[in-house]
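Asker: I'd like to ask some things about the structure below.
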Amino acid sequence: MALLTFTGAQPDNFRVEEWLADHENGELGALATYWYRQIRVLCPNMSELLHDSFPTACLGEYPFAYVGMHKAHVNLGFFYGAELPDPNELLQGAGRLGRHVKLRPDQAVDQTALNSLITAAYNDIDQRIKDD
């Protein structure tokens, strides 16, 4: 299976930073901003871009995670999420590969489990690139 690629990803993408700054106020924006910045902390050497108007984390040109803000929730999405270990059963979705975790300001989230998913997604894309 060919890996999904996005052109234009770069470290510290100013457009992503502008998006985060524009959305950090309000409950949903704060949630989206927090989790995208958490991806940055957990994933060294990542690059980033806006894809479908959402901050998207890549390793080189290969996407692995994103945050998407919606009307009543934030999605923390994983491009190959269907193949990630998910012992806490946080991932939702029925697509062939993509999965997401639906985050709401009024619902507690298992931060350790989400951090593990982010790290797993980063390690997964790294291995996929090596195997490609």
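Just remember, in the structure tokens the first chain shown is A, the second B, etc., residues are 1-based per chain, and ligands are 1-based in the order shown.
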Identify, with DSSP run on backbone atoms, the residues in chain A assigned to strand (DSSP E), and express the list as a ChimeraX atom specification.

Answerer: /A:47-51,54-59,62-69,74-78,99-103

Asker: Which residues are close to A:Thr7, i.e. within 9 Å by only C-alpha atoms, leaving aside same-chain residues fewer than 4 positions away? Reply as JSON, numbers by chain.

Answerer: {"A": [49, 61, 62]}

Asker: Quick one: which stretch 34-67 of chain A residues come within 8 Å of stretch 9-23 of chain A, and what is the nearest atom pair for each with the distance in Å to one decimal, counting only C-alpha atoms, rows ordered by chain and ascending number, as JSON lines?

Answerer:
```
{"residue": "A:Asn45", "atom": "CA", "partner": "A:Pro11", "partner_atom": "CA", "distance": 7.5}
{"residue": "A:Met46", "atom": "CA", "partner": "A:Pro11", "partner_atom": "CA", "distance": 6.3}
{"residue": "A:Ser47", "atom": "CA", "partner": "A:Pro11", "partner_atom": "CA", "distance": 4.2}
{"residue": "A:Glu48", "atom": "CA", "partner": "A:Ala9", "partner_atom": "CA", "distance": 4.8}
{"residue": "A:Leu49", "atom": "CA", "partner": "A:Ala9", "partner_atom": "CA", "distance": 5.0}
{"residue": "A:Leu50", "atom": "CA", "partner": "A:Val16", "partner_atom": "CA", "distance": 6.1}
{"residue": "A:Pro55", "atom": "CA", "partner": "A:Val16", "partner_atom": "CA", "distance": 5.6}
{"residue": "A:Cys58", "atom": "CA", "partner": "A:Ala9", "partner_atom": "CA", "distance": 6.9}
{"residue": "A:Gly60", "atom": "CA", "partner": "A:Ala9", "partner_atom": "CA", "distance": 6.8}
{"residue": "A:Glu61", "atom": "CA", "partner": "A:Ala9", "partner_atom": "CA", "distance": 5.9}
```

Asker: Could you list, as a count of residues only, every residue within 12 Å of A:Met69, counting only C-alpha atoms and ignoring same-chain residues fewer than 6 positions away?

Answerer: 26

Asker: Take atom CA of A:Ser116 and atom CA of A:Gly81 and report the distance between them in Å, one decimal.

Answerer: 12.3 Å

Asker: A:Glu83: which residues within 9 Å, counting only C-alpha atoms, same-chain residues fewer than 6 positions away excluded, as a PyMOL selection string?

Answerer: chain A and resi 97-98+124

Asker: Any idea what the distance is between atom CA of A:Tyr80 and atom CA of A:Ile125?

Answerer: 8.1 Å

Asker: For A:Pro44, which residue out of A:Asp86, A:Asp126, A:Asp131, A:Asp110 is the nearest one, using only C-alpha atoms?

Answerer: A:Asp126

Asker: What is the atom CA of A:Arg96-atom CA of A:Leu84 distance in Å, reported with one decimal?

Answerer: 12.6 Å

Asker: With only C-alpha atoms as the atoms that count, which of A:Val41, A:Gln111, A:Ile129, A:Ala121 lies nearest to A:Tyr66?

Answerer: A:Ala121

Asker: Assign secondary structure with DSSP using the backbone only, and return the residues of stretch 12-113 of chain A in helix (DSSP H, G or I) as an NGL selection string.

Answerer: :A and (14-23 or 27-42 or 81-83 or 111-113)

Asker: Which one is closest to A:Gly68: A:Leu4, A:Gln38, A:Thr56, A:Leu117? Count only C-alpha atoms.

Answerer: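 Of A:Leu4, A:Gln38, A:Thr56, A:Leu117, the one nearest A:Gly68, counting only C-alpha atoms, is A:Thr56.
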